[in-house]
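Participant: For reference, the file data.txt (compact mmCIF, C-alpha atoms and all ligand atoms) is included below:
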# COMPACT_ATOMS: atom_id res chain seq x y z
CA MET A 1 97.33 78.76 95.70
CA ILE A 2 97.40 81.61 93.21
CA GLU A 3 99.18 81.01 89.90
CA ILE A 4 100.05 83.88 87.61
CA LYS A 5 101.23 83.42 84.03
CA ASN A 6 102.72 86.17 81.90
CA LEU A 7 100.64 88.93 83.49
CA LYS A 8 100.81 92.26 81.66
CA LYS A 9 99.19 95.58 82.46
CA ASN A 10 99.38 98.67 80.31
CA PHE A 11 98.04 102.12 80.97
CA GLY A 12 97.68 103.59 77.49
CA ASN A 13 101.06 103.13 75.83
CA VAL A 14 102.86 102.60 79.12
CA GLU A 15 103.56 98.98 79.97
CA VAL A 16 103.69 98.80 83.79
CA LEU A 17 103.67 95.00 84.26
CA LYS A 18 105.77 93.33 81.60
CA GLY A 19 104.82 89.66 81.82
CA ILE A 20 104.98 88.34 85.39
CA THR A 21 104.87 84.61 86.07
CA THR A 22 104.87 83.34 89.64
CA THR A 23 103.02 81.25 92.23
CA PHE A 24 101.79 82.14 95.70
CA GLU A 25 101.30 79.18 97.98
CA THR A 26 98.47 78.42 100.39
CA GLY A 27 99.21 78.88 104.10
CA LYS A 28 102.27 81.01 103.39
CA VAL A 29 103.23 84.65 103.76
CA ASN A 30 104.27 85.67 100.25
CA MET A 31 105.98 89.05 100.02
CA ILE A 32 106.39 91.33 97.04
CA ILE A 33 109.29 93.71 97.34
CA GLY A 34 110.74 96.36 95.04
CA GLN A 35 111.52 100.03 94.78
CA SER A 36 108.85 102.67 94.56
CA GLY A 37 107.28 102.55 91.12
CA SER A 38 108.34 98.94 90.42
CA GLY A 39 104.69 97.93 89.98
CA LYS A 40 103.81 96.27 93.31
CA THR A 41 100.48 98.04 93.78
CA VAL A 42 99.46 97.67 90.13
CA PHE A 43 100.31 93.95 90.44
CA LEU A 44 98.19 93.50 93.59
CA LYS A 45 95.30 95.48 92.11
CA SER A 46 95.49 93.41 88.91
CA LEU A 47 95.17 90.23 90.99
CA LEU A 48 92.18 91.77 92.73
CA ASN A 49 90.69 92.71 89.36
CA VAL A 50 90.56 96.35 90.44
CA TYR A 51 92.60 96.75 87.25
CA GLN A 52 91.69 94.60 84.29
CA PRO A 53 94.97 92.92 83.22
CA SER A 54 95.98 93.59 79.60
CA SER A 55 96.89 89.92 79.14
CA GLY A 56 97.97 86.84 81.05
CA GLU A 57 96.38 84.28 83.35
CA ILE A 58 95.45 84.47 87.03
CA MET A 59 94.26 81.23 88.63
CA PHE A 60 92.81 81.16 92.14
CA ASP A 61 93.04 77.51 93.21
CA GLY A 62 92.60 76.40 89.63
CA ARG A 63 89.86 78.94 88.80
CA ASP A 64 90.82 81.16 85.90
CA ILE A 65 89.69 84.70 86.64
CA ASN A 66 89.38 85.44 82.90
CA LYS A 67 86.80 82.69 82.53
CA MET A 68 84.68 83.54 85.56
CA SER A 69 81.07 84.66 85.31
CA ARG A 70 79.92 87.74 87.20
CA ASP A 71 78.56 85.54 90.02
CA GLU A 72 81.79 83.55 90.25
CA LYS A 73 83.75 86.79 90.48
CA GLN A 74 81.45 87.93 93.27
CA THR A 75 82.06 84.62 95.11
CA LEU A 76 85.81 85.05 94.67
CA ARG A 77 85.55 88.61 95.96
CA SER A 78 83.92 87.29 99.15
CA GLU A 79 86.88 84.93 99.64
CA ILE A 80 89.43 87.76 99.62
CA GLY A 81 90.35 89.91 102.60
CA THR A 82 92.26 93.14 101.93
CA VAL A 83 94.33 95.47 104.09
CA PHE A 84 95.24 98.64 102.24
CA GLN A 85 97.70 101.44 102.96
CA GLY A 86 96.35 103.84 105.57
CA SER A 87 93.86 101.17 106.77
CA ALA A 88 91.00 102.65 104.65
CA LEU A 89 88.46 102.54 107.47
CA PHE A 90 85.10 104.31 107.28
CA ASP A 91 85.45 107.33 109.58
CA SER A 92 81.73 107.59 110.27
CA MET A 93 81.47 103.98 111.45
CA THR A 94 82.54 102.55 114.79
CA VAL A 95 85.18 99.81 114.97
CA ASP A 96 82.36 97.21 115.25
CA GLU A 97 80.56 98.57 112.22
CA ASN A 98 83.72 98.74 110.15
CA ILE A 99 84.51 95.10 110.89
CA MET A 100 80.93 93.98 110.20
CA PHE A 101 80.90 95.70 106.80
CA PRO A 102 82.06 92.68 104.68
CA LEU A 103 79.51 90.45 106.44
CA ASN A 104 76.76 92.90 105.49
CA MET A 105 78.05 92.85 101.91
CA PHE A 106 78.71 89.15 101.40
CA SER A 107 76.85 87.04 103.95
CA ASP A 108 73.27 86.34 104.88
CA LEU A 109 74.05 85.72 108.55
CA THR A 110 71.65 87.06 111.17
CA TYR A 111 72.69 90.18 113.09
CA ARG A 112 73.41 88.03 116.14
CA GLU A 113 75.70 85.71 114.16
CA LYS A 114 77.48 88.67 112.58
CA LYS A 115 77.98 90.26 115.97
CA ARG A 116 79.49 87.03 117.28
CA ARG A 117 81.91 86.84 114.34
CA VAL A 118 82.91 90.47 114.92
CA MET A 119 83.58 89.82 118.61
CA ASP A 120 85.62 86.71 117.69
CA VAL A 121 87.96 88.60 115.36
CA ILE A 122 88.23 91.53 117.75
CA GLY A 123 89.62 89.00 120.25
CA LYS A 124 91.88 87.51 117.58
CA VAL A 125 93.58 90.83 116.79
CA HIS A 126 93.64 91.90 120.47
CA LEU A 127 91.59 95.06 120.05
CA GLY A 128 90.40 94.99 123.63
CA LYS A 129 87.49 97.27 124.35
CA ALA A 130 87.91 99.57 121.37
CA ASN A 131 84.87 98.19 119.55
CA ARG A 132 82.57 101.16 120.18
CA LYS A 133 85.17 103.78 119.27
CA TYR A 134 85.52 105.62 115.97
CA PRO A 135 88.74 105.29 113.90
CA SER A 136 89.79 108.85 114.80
CA GLU A 137 89.72 107.89 118.50
CA ILE A 138 92.28 105.06 118.21
CA SER A 139 96.00 104.89 117.33
CA GLY A 140 97.44 103.99 113.88
CA GLY A 141 98.44 100.55 115.17
CA MET A 142 94.92 99.93 116.48
CA GLN A 143 93.45 101.11 113.16
CA LYS A 144 95.64 98.56 111.40
CA ARG A 145 94.28 95.84 113.71
CA VAL A 146 90.73 96.93 112.81
CA ALA A 147 91.63 96.70 109.10
CA ILE A 148 93.03 93.19 109.66
CA ALA A 149 89.97 92.15 111.68
CA ARG A 150 87.73 93.42 108.85
CA ALA A 151 89.85 91.51 106.32
CA ILE A 152 89.48 88.18 108.16
CA VAL A 153 85.92 88.42 109.47
CA ASN A 154 84.55 86.53 106.47
CA ASN A 155 87.08 83.66 106.85
CA PRO A 156 88.98 84.53 103.66
CA LYS A 157 90.98 82.08 101.57
CA TYR A 158 93.19 84.90 100.32
CA LEU A 159 94.62 87.83 102.23
CA PHE A 160 96.09 90.79 100.32
CA CYS A 161 97.96 93.54 102.15
CA ASP A 162 99.46 96.65 100.57
CA GLU A 163 102.17 98.13 102.83
CA PRO A 164 100.47 97.04 106.08
CA ASN A 165 103.25 98.64 108.14
CA SER A 166 103.29 102.05 106.51
CA GLY A 167 103.21 104.80 109.10
CA LEU A 168 103.83 102.46 112.04
CA ASP A 169 106.78 102.50 114.43
CA PRO A 170 109.10 99.44 114.37
CA TYR A 171 107.62 97.94 117.55
CA THR A 172 104.04 98.13 116.29
CA SER A 173 105.16 96.93 112.85
CA ASN A 174 106.55 93.76 114.45
CA ILE A 175 103.26 93.13 116.21
CA ILE A 176 101.33 93.54 112.95
CA ASP A 177 103.78 91.23 111.11
CA ASP A 178 103.39 88.54 113.77
CA LEU A 179 99.62 88.90 113.62
CA LEU A 180 99.58 88.47 109.83
CA LEU A 181 101.78 85.36 110.10
CA GLU A 182 99.58 83.91 112.87
CA ILE A 183 96.41 84.53 110.84
CA THR A 184 97.97 83.00 107.70
CA LYS A 185 98.70 79.81 109.62
CA GLU A 186 95.40 79.69 111.50
CA TYR A 187 93.15 80.46 108.51
CA ASN A 188 95.47 78.75 106.00
CA THR A 189 95.22 81.78 103.74
CA THR A 190 97.29 82.50 100.66
CA THR A 191 98.71 85.77 101.96
CA ILE A 192 100.35 88.35 99.71
CA ILE A 193 102.00 91.39 101.25
CA ASN A 194 103.51 94.33 99.37
CA THR A 195 106.27 95.88 101.40
CA HIS A 196 109.42 98.01 101.47
CA ASP A 197 110.16 96.86 104.98
CA MET A 198 113.13 94.46 104.96
CA ASN A 199 112.62 93.80 108.66
CA SER A 200 109.17 92.34 107.86
CA VAL A 201 110.58 90.34 104.99
CA MET A 202 113.26 88.77 107.15
CA THR A 203 110.90 88.12 110.06
CA VAL A 204 107.76 86.70 108.49
CA GLY A 205 108.35 86.40 104.71
CA GLU A 206 108.21 82.83 103.44
CA LYS A 207 108.32 83.43 99.71
CA ILE A 208 109.77 86.64 98.33
CA VAL A 209 109.12 88.04 94.85
CA TYR A 210 111.31 90.95 93.79
CA LEU A 211 109.85 93.28 91.15
CA ARG A 212 111.87 95.81 89.22
CA LEU A 213 110.50 98.04 86.46
CA GLY A 214 107.47 95.77 86.08
CA ILE A 215 109.51 92.58 85.73
CA LYS A 216 109.95 89.77 88.25
CA GLU A 217 113.71 89.84 88.66
CA TRP A 218 114.02 87.27 91.40
CA GLU A 219 111.99 84.96 93.64
CA GLY A 220 112.90 82.63 96.45
CA THR A 221 112.99 82.21 100.22
CA LYS A 222 114.50 84.70 102.67
CA ASP A 223 117.28 82.22 103.50
CA ILE A 224 118.74 82.59 100.03
CA LEU A 225 117.74 86.24 99.58
CA ILE A 226 120.77 87.82 101.22
CA ASN A 227 123.17 85.79 99.10
CA ALA A 228 121.16 86.13 95.90
CA ASN A 229 123.16 86.50 92.74
CA ASN A 230 121.27 89.60 91.58
CA LYS A 231 122.97 92.96 91.94
CA ASN A 232 119.76 95.02 91.75
CA LEU A 233 118.17 92.93 94.49
CA ILE A 234 121.23 93.09 96.72
CA ASP A 235 121.45 96.87 96.22
CA PHE A 236 117.76 97.11 97.14
CA VAL A 237 118.13 94.93 100.25
CA TYR A 238 121.22 96.76 101.49
CA SER A 239 119.80 100.20 100.75
CA SER A 240 118.19 99.90 104.18
CA GLU A 241 120.55 101.56 106.71
CA LEU A 242 120.00 98.79 109.22
CA PHE A 243 120.99 96.11 106.72
CA LYS A 244 124.04 98.09 105.64
CA GLU A 245 125.23 98.38 109.22
CA LEU A 246 124.47 94.76 110.05
CA ARG A 247 126.40 93.60 106.99
CA GLU A 248 129.44 95.68 107.92
CA TYR A 249 129.21 94.47 111.50
CA PHE A 250 129.10 90.78 110.48
CA LEU A 251 131.86 91.21 107.91
CA LYS A 252 134.03 92.79 110.59
CA THR A 253 133.13 90.15 113.19
CA ASP A 254 133.73 87.27 110.80
CA LYS A 255 137.05 88.75 109.73
CA THR A 256 138.20 89.09 113.33
CA MET A 257 137.02 85.57 114.04
CA ILE A 258 138.89 84.19 111.04
CA GLU A 259 142.06 86.15 111.93
CA ASN A 260 141.89 84.77 115.49
CA ILE A 261 141.59 81.23 114.26
CA ILE A 262 144.50 81.60 111.83
CA THR A 263 146.91 83.58 114.03
CA LYS A 264 146.22 82.35 117.56
CA PRO A 265 147.65 78.98 118.54
CA PRO A 266 145.43 76.90 120.83
CA GLU A 267 146.11 77.63 124.51
CA ASN A 268 146.21 73.98 125.36
CA GLU A 269 145.49 70.64 123.78
CA THR A 270 141.94 70.43 125.11
CA ASP A 271 140.91 73.39 122.94
CA PHE A 272 140.30 70.88 120.15
N1 LIG B 301 96.26 104.33 87.18
C1 LIG B 301 97.47 104.49 86.61
N2 LIG B 301 97.61 105.07 85.41
C2 LIG B 301 98.81 105.21 84.84
N3 LIG B 301 99.98 104.81 85.40
C3 LIG B 301 99.90 104.24 86.60
C4 LIG B 301 98.66 104.05 87.29
N4 LIG B 301 98.90 103.45 88.46
C5 LIG B 301 100.24 103.27 88.53
N5 LIG B 301 100.83 103.76 87.42
C6 LIG B 301 102.28 103.72 87.14
O1 LIG B 301 102.73 102.41 87.31
C7 LIG B 301 104.03 102.38 87.88
C8 LIG B 301 104.04 101.44 89.06
O2 LIG B 301 103.26 102.01 90.11
P1 LIG B 301 102.94 101.24 91.46
O3 LIG B 301 102.05 102.13 92.26
O4 LIG B 301 102.45 99.88 91.18
O5 LIG B 301 104.38 101.16 92.11
P2 LIG B 301 104.76 100.57 93.56
O6 LIG B 301 105.87 99.61 93.34
O7 LIG B 301 103.55 100.07 94.25
O8 LIG B 301 105.30 101.88 94.26
P3 LIG B 301 105.21 102.31 95.82
O9 LIG B 301 106.14 101.39 96.54
O10 LIG B 301 105.70 103.72 95.81
O11 LIG B 301 103.79 102.16 96.28
C9 LIG B 301 104.38 103.82 88.24
O12 LIG B 301 105.24 104.31 87.25
C10 LIG B 301 103.06 104.53 88.19
O13 LIG B 301 103.21 105.86 87.78
So, in terms of structure tokens, how does the structure I just supplied come out?

Facilitator:
Amino acid sequence: MIEIKNLKKNFGNVEVLKGITTTFETGKVNMIIGQSGSGKTVFLKSLLNVYQPSSGEIMFDGRDINKMSRDEKQTLRSEIGTVFQGSALFDSMTVDENIMFPLNMFSDLTYREKKRRVMDVIGKVHLGKANRKYPSEISGGMQKRVAIARAIVNNPKYLFCDEPNSGLDPYTSNIIDDLLLEITKEYNTTTIINTHDMNSVMTVGEKIVYLRLGIKEWEGTKDILINANNKNLIDFVYSSELFKELREYFLKTDKTMIENIITKPPENETDF
């Protein structure tokens, strides 16, 4: 579990995160949504300590990041898997070498053991026989699988993903979403995903945190999201064309259904 209390981040005089308090649960897909510029990436990078927060508390399973020694921070770093926008693979390394990279950084396993771990996760993300290829020789969807395999090769407790579906077609996005959900359950990770993709949110999101202008405006489950009593959130959700059309379709269908019930008498007694 990751607990965040009153997290603030300024860049000079500009306050980007204005005091965020929330909790991300273990074994769940937690999603952060919000318009461009709402602070999602700064938030994720503050949790990762890429940015030093200006104030506030971040607790990783009870461990306060502000009170950690250098060694403890290094241990925490080894427990975190990350998938960043654009996959961020090393172009000069093969798929195998990319995936092995965190093991070289954080483990003292033998080469044989590392190789076995790499082959295990390659199977897990269904990369087939792409292991000897270079990133430029495989598709965007395959590159994303490599990035996920690299993120989980060290059995992380925490999995952070920034826009994992960016640049992917809807079909491949669904596959990546399902994979992230499956991994979260299998590895029992605390997974945090930044996304604009409402389809992902409604398919695999378990807890949703909505950021706006550096403030947490709403949080909850996807079941209550579409009826949330927050105009900004609803505007954001229905700004997706698909959602707009679905809403109109259901409104129309419901209306017709209701009219039918009210105006049509039952054809015979057994209708009830
Ligand atoms: N290193 C930085 N220095 C100064 N300002 C920054 C820095 N990084 C981000 N910002 C500002 O913080 C705000 C939030 O940016 P952030 O990248 O977190 O938004 P986002 O919600 O992730 O957007 P997107 O969905 O487009 O990725 C923006 O106004 C941005 O200009």

Participant: Neighbours of ligand LIG 301 (chain B) within 8 Å, counting all atoms listed in the file, as a ChimeraX atom specification?

Facilitator: /A:10-12,14,16,33-43,163,194-196,211,213-214

Participant: Given the selection you just returned, output its residues as a file containing C-alpha atoms, formatted as a compact mmCIF listing (two decimals), keeping the file's coordinate frame.

Facilitator:
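selection00.txt was written with the following content:
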# COMPACT_ATOMS: atom_id res chain seq x y z
CA ASN A 10 99.38 98.67 80.31
CA PHE A 11 98.04 102.12 80.97
CA GLY A 12 97.68 103.59 77.49
CA VAL A 14 102.86 102.60 79.12
CA VAL A 16 103.69 98.80 83.79
CA ILE A 33 109.29 93.71 97.34
CA GLY A 34 110.74 96.36 95.04
CA GLN A 35 111.52 100.03 94.78
CA SER A 36 108.85 102.67 94.56
CA GLY A 37 107.28 102.55 91.12
CA SER A 38 108.34 98.94 90.42
CA GLY A 39 104.69 97.93 89.98
CA LYS A 40 103.81 96.27 93.31
CA THR A 41 100.48 98.04 93.78
CA VAL A 42 99.46 97.67 90.13
CA PHE A 43 100.31 93.95 90.44
CA GLU A 163 102.17 98.13 102.83
CA ASN A 194 103.51 94.33 99.37
CA THR A 195 106.27 95.88 101.40
CA HIS A 196 109.42 98.01 101.47
CA LEU A 211 109.85 93.28 91.15
CA LEU A 213 110.50 98.04 86.46
CA GLY A 214 107.47 95.77 86.08

Participant: Determine the axis-aligned bounding box of all atoms of range 206-217 of chain A present in the file, pad each side by 5 Å, and express its centre and edge lengths in Å to one decimal place as JSON.

Facilitator:
{"center_x": 110.6, "center_y": 90.4, "center_z": 94.6, "size_x": 16.2, "size_y": 25.2, "size_z": 27.7}

Participant: Can you work out the spacing between CA of Asp178 in chain A and CA of Asp96 in chain A in Å, to one decimal?

Facilitator: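 Computing it gives 22.8 Å between the two atoms.
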
Participant: My list of candidates is A:Leu89, A:Leu233, A:Leu159, A:Leu127. Which is closest to Thr184 in chain A when distances are computed with all atoms listed in the file?

Facilitator: A:Leu159

Participant: List every residue of range 102-195 of chain A that has an atom at most 9 Å from any atom of range 202-210 of chain A, giving for each one its closest atom pair and the distance in Å to one decimal, counting only C-alpha atoms, sorted by chain and then by ascending residue number, as a Markdown table.

Facilitator:
| residue | atom | partner | partner_atom | distance |
| --- | --- | --- | --- | --- |
| A:Asn174 | CA | A:Thr203 | CA | 8.4 |
| A:Asp177 | CA | A:Val204 | CA | 6.6 |
| A:Asp178 | CA | A:Val204 | CA | 7.1 |
| A:Leu180 | CA | A:Val204 | CA | 8.5 |
| A:Leu181 | CA | A:Val204 | CA | 6.3 |
| A:Ile193 | CA | A:Gly205 | CA | 8.8 |

Participant: Would you mind telling me which residue in A:Tyr249, A:Leu44, A:Lys114, A:Met198 lies nearest to Ile226 in chain A when using only C-alpha atoms?

Facilitator: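 Closest to Ile226 in chain A, using only C-alpha atoms: A:Met198.
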
Participant: What's around Leu168 in chain A at 7 Å? Count only C-alpha atoms, leave out sequence neighbours fewer than 3 positions away in its own chain, and write the answer as a ChimeraX atom specification.

Facilitator: /A:140-141,165,172-173

Participant: Keeping C-alpha atoms for every residue in the selection just given, could you write it to a file as an mmCIF file, in the frame of the given file?

Facilitator:
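Saved as result27.cif:
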data_model
loop_
_atom_site.group_PDB
_atom_site.id
_atom_site.type_symbol
_atom_site.label_atom_id
_atom_site.label_comp_id
_atom_site.auth_asym_id
_atom_site.auth_seq_id
_atom_site.Cartn_x
_atom_site.Cartn_y
_atom_site.Cartn_z
ATOM 1 C CA GLY A 140 97.440 103.990 113.880
ATOM 2 C CA GLY A 141 98.440 100.550 115.170
ATOM 3 C CA ASN A 165 103.250 98.640 108.140
ATOM 4 C CA THR A 172 104.040 98.130 116.290
ATOM 5 C CA SER A 173 105.160 96.930 112.850
#
